[in-house]
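Visitor: Got a structure here, written out as structure tokens. Questions coming.
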Amino acid sequence: MLTQADDFLAESEALHTLIAPLDGRALTQVTQFKGWTIEDVILHLHFWNGAADLAAQNPKTFRTLITQMMAALKSGALRTFEDAQIEQRGTDLRDAWIARVREMAPRWQAMDPRARLAWVGPDMSARSSMTARQMETWAHGYEVWDVLGHERAENDRVKNIVILGLNTFGWSHQVHGLPVPPTRPALELTAPSGAVWSYAAQGGEDAGAITGPAVDFAAVVTQTRALADTALRSEGPVARTWMENAQCFAGPPERPPAPGSRARSLAPGPVDG
């Protein structure tokens, strides 16, 4: 049973609940993320959800798609390539996105979590692929919740993203051209439920520690919040360097948002998710 598929579905349904009342004009609101509109966010999620599903269902066709995508990436036209693959816009796009999620999630629930699937870089497990889909939905959902002025009701399923952030400690350094430290800091994070998630330091006790809300850790490793805008505490140089360069997603090196540049609009009230 691939439980991450349940979490991906729940994350998508939470975002859908938020945007379901919006008309086509409202979906063109510009977010605080690189000038993307809400529609841009949904199109991006829809494309990559489909790519992940294609990798599982038809690896040969997936490899053809990725070859074309990599050519677009090298020419600086990745967004244009994504846009060209998706016909729908506006409310039709929103409906197609959630329909695909609801159709693919049950099939992924039945998959072997250890099954190897082709991807943009190295092959990954079905568990990792589904965690990545949840992560992207949660991370890109941030800009939608922000622009609409709502506070997301967080859930302990964010633990999947915490673990992804933990597992990409080395990658966060490598992608930014930094040496990977021989030690990894300890984590002590408070879950939305109030539970404490503890992960011991690796390689030595002098690695330092990161403490604070689990949601803030997930926000930093997905680069949806500046470290200075969270309640995380980074003790020791290894911990601070990691959090200043954290990047749990693949692709070229990206920098976190500037302090104060990503925040909710005036909030009309929380929306359950």
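In the structure tokens, chains take letters A, B, ... by order of appearance, with residues numbered from 1 within each chain and ligands from 1 in the order shown.
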Write out as a list of chain:residue names the residues lying within 12 Å of Ser12 of chain A, counting only C-alpha atoms and excluding same-chain residues fewer than 6 positions away.
Guide: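 Once the nearby chain positions are removed, what remains is A:Ala5, A:Asp6, A:Leu18, A:Ile19, A:Ala20, A:Ile42, A:Leu45, A:His46, A:Asn49, A:Arg94, A:Asp95, A:Trp97, A:Ile98, A:Ala99, A:Arg100, A:Val101, A:Arg102, A:Met104, A:Ala105, A:Arg133, A:Gln134, A:Met135, A:Glu136, A:Thr137, A:Trp138, A:Ala139, A:His140, A:Gly141, A:Gly273.
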Visitor: I need the chosen residues saved as a short mmCIF file (atom, residue, chain, number, x, y, z; two decimals), in the first residue's frame, with C-alpha atoms.
Guide:
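Output file selection-v4.cif is given in full below:
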data_model
loop_
_atom_site.label_atom_id
_atom_site.label_comp_id
_atom_site.auth_asym_id
_atom_site.auth_seq_id
_atom_site.Cartn_x
_atom_site.Cartn_y
_atom_site.Cartn_z
CA ALA A 5 -0.73 8.42 -2.68
CA ASP A 6 -3.37 9.09 -0.01
CA LEU A 18 -9.60 26.56 -1.82
CA ILE A 19 -9.85 27.34 -5.54
CA ALA A 20 -13.15 25.59 -6.39
CA ILE A 42 -2.36 24.54 -11.54
CA LEU A 45 1.02 20.71 -11.21
CA HIS A 46 -1.23 19.16 -13.84
CA ASN A 49 1.31 14.91 -12.23
CA ARG A 94 -8.79 23.35 -12.64
CA ASP A 95 -11.37 20.63 -13.28
CA TRP A 97 -6.23 18.84 -12.83
CA ILE A 98 -8.32 17.50 -9.95
CA ALA A 99 -9.94 14.85 -12.18
CA ARG A 100 -6.48 13.51 -13.06
CA VAL A 101 -5.46 13.47 -9.40
CA ARG A 102 -8.60 11.56 -8.41
CA MET A 104 -4.45 8.35 -10.68
CA ALA A 105 -4.35 8.24 -6.86
CA ARG A 133 3.94 15.06 -6.19
CA GLN A 134 2.67 15.81 -2.68
CA MET A 135 5.62 18.11 -2.04
CA GLU A 136 5.04 20.13 -5.20
CA THR A 137 1.32 20.41 -4.48
CA TRP A 138 2.00 21.58 -0.93
CA ALA A 139 4.82 23.96 -1.91
CA HIS A 140 3.14 25.57 -4.91
CA GLY A 141 -0.09 25.62 -2.98
CA GLY A 273 -7.56 21.13 4.42
#
Visitor: Could you name the residues that touch Trp108 of chain A at 12 Å or less, counting only C-alpha atoms, but leaving out those on the same chain fewer than 5 positions away, as JSON, numbers by chain?
Guide: {"A": [1, 2, 3, 4, 5, 6, 7, 8, 9, 49, 52, 53, 54, 55, 56, 57, 101, 102, 103, 113, 114, 115, 125, 126, 127, 128, 129, 130, 131, 133]}
Visitor: At what distance in Å, to one decimal, does atom CA of Gly76 of chain A lie from atom CA of Asp123 of chain A?
Guide: 24.0 Å
Visitor: In segment 42-192 of chain A, what's strand (DSSP E or B) per DSSP? Answer as a list of chain:residue names?
Guide: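 Written out, the strand (DSSP E or B) residues of segment 42-192 of chain A are A:Arg116, A:Leu117, A:Met124, A:Ser125, A:Arg152, A:Arg184, A:Ala186, A:Leu187, A:Glu188, A:Leu189, A:Thr190.
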Visitor: As a ChimeraX atom specification, please: the residues near segment 233-247 of chain A (cut-off 10 Å, only C-alpha atoms, same-chain neighbours under 2 positions excluded).
Guide: /A:164-166,168-176,178,180-187,206-213,217-223,226-228,230-231,249-256
Visitor: Limited to N, CA and C atoms, could you put the picked residues into a file as a compact mmCIF listing (two decimals), in the first residue's frame?
Guide:
# COMPACT_ATOMS: atom_id res chain seq x y z
N LEU A 164 11.71 14.14 3.07
CA LEU A 164 12.34 14.49 1.80
C LEU A 164 13.41 15.56 2.00
N GLY A 165 13.09 16.56 2.81
CA GLY A 165 14.08 17.59 3.12
C GLY A 165 15.30 17.03 3.82
N LEU A 166 15.07 16.09 4.72
CA LEU A 166 16.17 15.45 5.45
C LEU A 166 17.04 14.64 4.49
N THR A 168 17.57 15.08 1.42
CA THR A 168 18.26 15.87 0.40
C THR A 168 19.29 16.82 1.02
N PHE A 169 19.76 16.48 2.20
CA PHE A 169 20.82 17.26 2.85
C PHE A 169 22.04 17.37 1.93
N GLY A 170 22.51 16.24 1.40
CA GLY A 170 23.67 16.26 0.53
C GLY A 170 23.39 17.01 -0.77
N TRP A 171 22.23 16.77 -1.37
CA TRP A 171 21.87 17.43 -2.62
C TRP A 171 21.82 18.95 -2.46
N SER A 172 21.31 19.43 -1.33
CA SER A 172 21.22 20.87 -1.10
C SER A 172 22.59 21.53 -1.19
N HIS A 173 23.61 20.83 -0.75
CA HIS A 173 24.97 21.36 -0.86
C HIS A 173 25.51 21.20 -2.28
N GLN A 174 25.33 20.02 -2.85
CA GLN A 174 25.89 19.74 -4.17
C GLN A 174 25.35 20.68 -5.23
N VAL A 175 24.03 20.92 -5.22
CA VAL A 175 23.43 21.73 -6.27
C VAL A 175 23.90 23.18 -6.20
N HIS A 176 24.36 23.61 -5.02
CA HIS A 176 24.87 24.97 -4.87
C HIS A 176 26.40 25.03 -4.90
N LEU A 178 28.58 23.47 -3.05
CA LEU A 178 29.18 23.46 -1.72
C LEU A 178 29.64 22.05 -1.35
N VAL A 180 29.84 18.73 0.71
CA VAL A 180 28.86 18.09 1.61
C VAL A 180 29.55 17.80 2.93
N PRO A 181 29.05 18.35 4.03
CA PRO A 181 29.68 18.12 5.34
C PRO A 181 29.64 16.65 5.72
N PRO A 182 30.62 16.18 6.48
CA PRO A 182 30.62 14.79 6.91
C PRO A 182 29.60 14.52 8.01
N THR A 183 29.03 15.58 8.57
CA THR A 183 28.03 15.42 9.63
C THR A 183 26.73 16.08 9.20
N ARG A 184 25.61 15.50 9.63
CA ARG A 184 24.30 16.08 9.37
C ARG A 184 23.64 16.45 10.69
N PRO A 185 23.12 17.66 10.80
CA PRO A 185 22.54 18.10 12.08
C PRO A 185 21.37 17.25 12.53
N ALA A 186 21.13 17.30 13.82
CA ALA A 186 19.94 16.67 14.39
C ALA A 186 18.73 17.56 14.12
N LEU A 187 17.56 16.95 14.07
CA LEU A 187 16.31 17.69 13.91
C LEU A 187 15.39 17.36 15.07
N ASP A 206 28.83 16.98 16.92
CA ASP A 206 29.15 18.39 16.73
C ASP A 206 28.48 18.97 15.48
N ALA A 207 27.51 18.23 14.93
CA ALA A 207 26.87 18.67 13.68
C ALA A 207 25.89 19.80 13.90
N GLY A 208 25.51 20.07 15.15
CA GLY A 208 24.53 21.10 15.41
C GLY A 208 23.12 20.54 15.39
N ALA A 209 22.15 21.42 15.42
CA ALA A 209 20.76 20.98 15.48
C ALA A 209 19.84 22.05 14.90
N ILE A 210 18.68 21.58 14.42
CA ILE A 210 17.62 22.46 13.92
C ILE A 210 16.36 22.12 14.70
N THR A 211 15.75 23.13 15.27
CA THR A 211 14.55 22.92 16.07
C THR A 211 13.48 23.92 15.63
N GLY A 212 12.23 23.54 15.85
CA GLY A 212 11.14 24.44 15.52
C GLY A 212 9.96 23.70 14.91
N PRO A 213 9.01 24.42 14.32
CA PRO A 213 7.84 23.78 13.72
C PRO A 213 8.21 22.97 12.47
N PHE A 217 10.15 23.95 8.73
CA PHE A 217 11.25 23.22 8.10
C PHE A 217 10.87 22.85 6.67
N ALA A 218 9.64 22.35 6.48
CA ALA A 218 9.19 22.01 5.13
C ALA A 218 9.16 23.24 4.23
N ALA A 219 8.76 24.38 4.79
CA ALA A 219 8.71 25.61 4.00
C ALA A 219 10.10 26.07 3.57
N VAL A 220 11.09 25.88 4.42
CA VAL A 220 12.46 26.28 4.08
C VAL A 220 13.05 25.34 3.03
N VAL A 221 12.88 24.03 3.18
CA VAL A 221 13.50 23.11 2.22
C VAL A 221 12.81 23.16 0.87
N THR A 222 11.55 23.62 0.82
CA THR A 222 10.86 23.80 -0.46
C THR A 222 10.99 25.23 -0.99
N GLN A 223 11.68 26.07 -0.24
CA GLN A 223 11.92 27.48 -0.60
C GLN A 223 10.63 28.26 -0.80
N ALA A 226 11.42 32.38 3.48
CA ALA A 226 12.79 32.67 3.88
C ALA A 226 13.01 32.14 5.29
N LEU A 227 14.21 31.68 5.57
CA LEU A 227 14.54 31.18 6.90
C LEU A 227 14.23 32.22 7.97
N ALA A 228 14.52 33.48 7.67
CA ALA A 228 14.30 34.55 8.65
C ALA A 228 12.83 34.76 8.96
N THR A 230 10.69 32.36 9.53
CA THR A 230 10.18 31.19 10.23
C THR A 230 10.63 31.21 11.68
N ALA A 231 10.11 30.24 12.43
CA ALA A 231 10.50 30.10 13.83
C ALA A 231 11.57 29.03 14.01
N PHE A 249 14.12 19.89 -4.03
CA PHE A 249 13.61 19.55 -5.35
C PHE A 249 14.76 19.51 -6.36
N ALA A 250 14.55 18.79 -7.45
CA ALA A 250 15.57 18.64 -8.49
C ALA A 250 15.64 19.89 -9.36
N GLY A 251 16.62 19.89 -10.26
CA GLY A 251 16.76 21.01 -11.17
C GLY A 251 17.96 21.86 -10.84
N PRO A 252 18.10 22.99 -11.51
CA PRO A 252 19.24 23.89 -11.26
C PRO A 252 19.15 24.52 -9.89
N PRO A 253 20.24 25.11 -9.39
CA PRO A 253 20.18 25.74 -8.08
C PRO A 253 19.20 26.90 -8.05
N GLU A 254 18.41 26.95 -6.99
CA GLU A 254 17.45 28.04 -6.79
C GLU A 254 17.73 28.68 -5.44
N ARG A 255 17.42 29.94 -5.33
CA ARG A 255 17.62 30.65 -4.07
C ARG A 255 16.29 30.85 -3.37
N PRO A 256 16.29 30.82 -2.05
CA PRO A 256 15.04 31.04 -1.31
C PRO A 256 14.55 32.47 -1.49
Visitor: Neighbouring residues of Gly90 of chain A were defined as those with any atom within 10 Å, considering only C-alpha atoms; residues of the same chain fewer than 3 positions away were excluded. Please report them as a PyMOL selection string.
Guide: chain A and resi 22-28+38-40+42-43+93-95
Visitor: Restricting the output to N, CA, C and O atoms, write the selected residues as an mmCIF file, in the first residue's frame.
Guide:
data_model
loop_
_atom_site.group_PDB
_atom_site.id
_atom_site.type_symbol
_atom_site.label_atom_id
_atom_site.label_comp_id
_atom_site.auth_asym_id
_atom_site.auth_seq_id
_atom_site.Cartn_x
_atom_site.Cartn_y
_atom_site.Cartn_z
ATOM 1 N N LEU A 22 -13.486 29.800 -7.384
ATOM 2 C CA LEU A 22 -12.946 30.853 -8.231
ATOM 3 C C LEU A 22 -13.407 30.707 -9.674
ATOM 4 O O LEU A 22 -13.497 29.597 -10.206
ATOM 5 N N ASP A 23 -13.683 31.840 -10.322
ATOM 6 C CA ASP A 23 -13.983 31.822 -11.748
ATOM 7 C C ASP A 23 -12.691 32.015 -12.539
ATOM 8 O O ASP A 23 -11.603 32.165 -11.965
ATOM 9 N N GLY A 24 -12.798 32.005 -13.848
ATOM 10 C CA GLY A 24 -11.613 32.104 -14.688
ATOM 11 C C GLY A 24 -10.813 33.360 -14.441
ATOM 12 O O GLY A 24 -9.576 33.336 -14.447
ATOM 13 N N ARG A 25 -11.480 34.486 -14.209
ATOM 14 C CA ARG A 25 -10.777 35.736 -13.959
ATOM 15 C C ARG A 25 -9.988 35.657 -12.655
ATOM 16 O O ARG A 25 -8.833 36.098 -12.593
ATOM 17 N N ALA A 26 -10.592 35.098 -11.615
ATOM 18 C CA ALA A 26 -9.916 34.994 -10.324
ATOM 19 C C ALA A 26 -8.692 34.095 -10.401
ATOM 20 O O ALA A 26 -7.714 34.305 -9.680
ATOM 21 N N LEU A 27 -8.738 33.122 -11.291
ATOM 22 C CA LEU A 27 -7.605 32.210 -11.435
ATOM 23 C C LEU A 27 -6.401 32.882 -12.088
ATOM 24 O O LEU A 27 -5.303 32.322 -12.085
ATOM 25 N N THR A 28 -6.592 34.080 -12.641
ATOM 26 C CA THR A 28 -5.473 34.800 -13.256
ATOM 27 C C THR A 28 -4.783 35.742 -12.277
ATOM 28 O O THR A 28 -3.886 36.502 -12.682
ATOM 29 N N ILE A 38 -2.384 31.959 -10.439
ATOM 30 C CA ILE A 38 -2.936 30.714 -9.887
ATOM 31 C C ILE A 38 -3.091 29.694 -11.008
ATOM 32 O O ILE A 38 -2.800 28.501 -10.831
ATOM 33 N N GLU A 39 -3.520 30.137 -12.167
ATOM 34 C CA GLU A 39 -3.660 29.242 -13.313
ATOM 35 C C GLU A 39 -2.320 28.617 -13.693
ATOM 36 O O GLU A 39 -2.247 27.419 -13.997
ATOM 37 N N ASP A 40 -1.246 29.407 -13.653
ATOM 38 C CA ASP A 40 0.089 28.873 -13.947
ATOM 39 C C ASP A 40 0.452 27.755 -12.975
ATOM 40 O O ASP A 40 1.046 26.741 -13.365
ATOM 41 N N ILE A 42 -1.580 25.746 -11.276
ATOM 42 C CA ILE A 42 -2.362 24.538 -11.535
ATOM 43 C C ILE A 42 -1.892 23.851 -12.802
ATOM 44 O O ILE A 42 -1.810 22.614 -12.866
ATOM 45 N N LEU A 43 -1.548 24.618 -13.838
ATOM 46 C CA LEU A 43 -1.052 24.015 -15.074
ATOM 47 C C LEU A 43 0.252 23.254 -14.814
ATOM 48 O O LEU A 43 0.436 22.132 -15.308
ATOM 49 N N LEU A 93 -9.208 23.945 -16.800
ATOM 50 C CA LEU A 93 -7.911 23.439 -16.339
ATOM 51 C C LEU A 93 -8.013 22.953 -14.904
ATOM 52 O O LEU A 93 -7.525 21.868 -14.575
ATOM 53 N N ARG A 94 -8.630 23.751 -14.042
ATOM 54 C CA ARG A 94 -8.789 23.349 -12.643
ATOM 55 C C ARG A 94 -9.523 22.019 -12.548
ATOM 56 O O ARG A 94 -9.127 21.120 -11.794
ATOM 57 N N ASP A 95 -10.589 21.864 -13.338
ATOM 58 C CA ASP A 95 -11.372 20.627 -13.285
ATOM 59 C C ASP A 95 -10.570 19.440 -13.832
ATOM 60 O O ASP A 95 -10.661 18.322 -13.292
#
Visitor: Which value, in Å to one decimal, gives the distance between atom CA of Met70 of chain A and atom CA of Asn58 of chain A?
Guide: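 Pair atom CA of Met70 of chain A / atom CA of Asn58 of chain A returns 18.4 Å.
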Visitor: Which residue, A:Gly121, A:Pro192, A:Pro257, A:Pro59, has the smallest gap to Val158 of chain A when you use only C-alpha atoms?
Guide: A:Pro192
Visitor: Would you mind reading off the distance between atom CA of Glu143 of chain A and atom CA of Thr224 of chain A, one decimal, in Å?
Guide: 7.9 Å
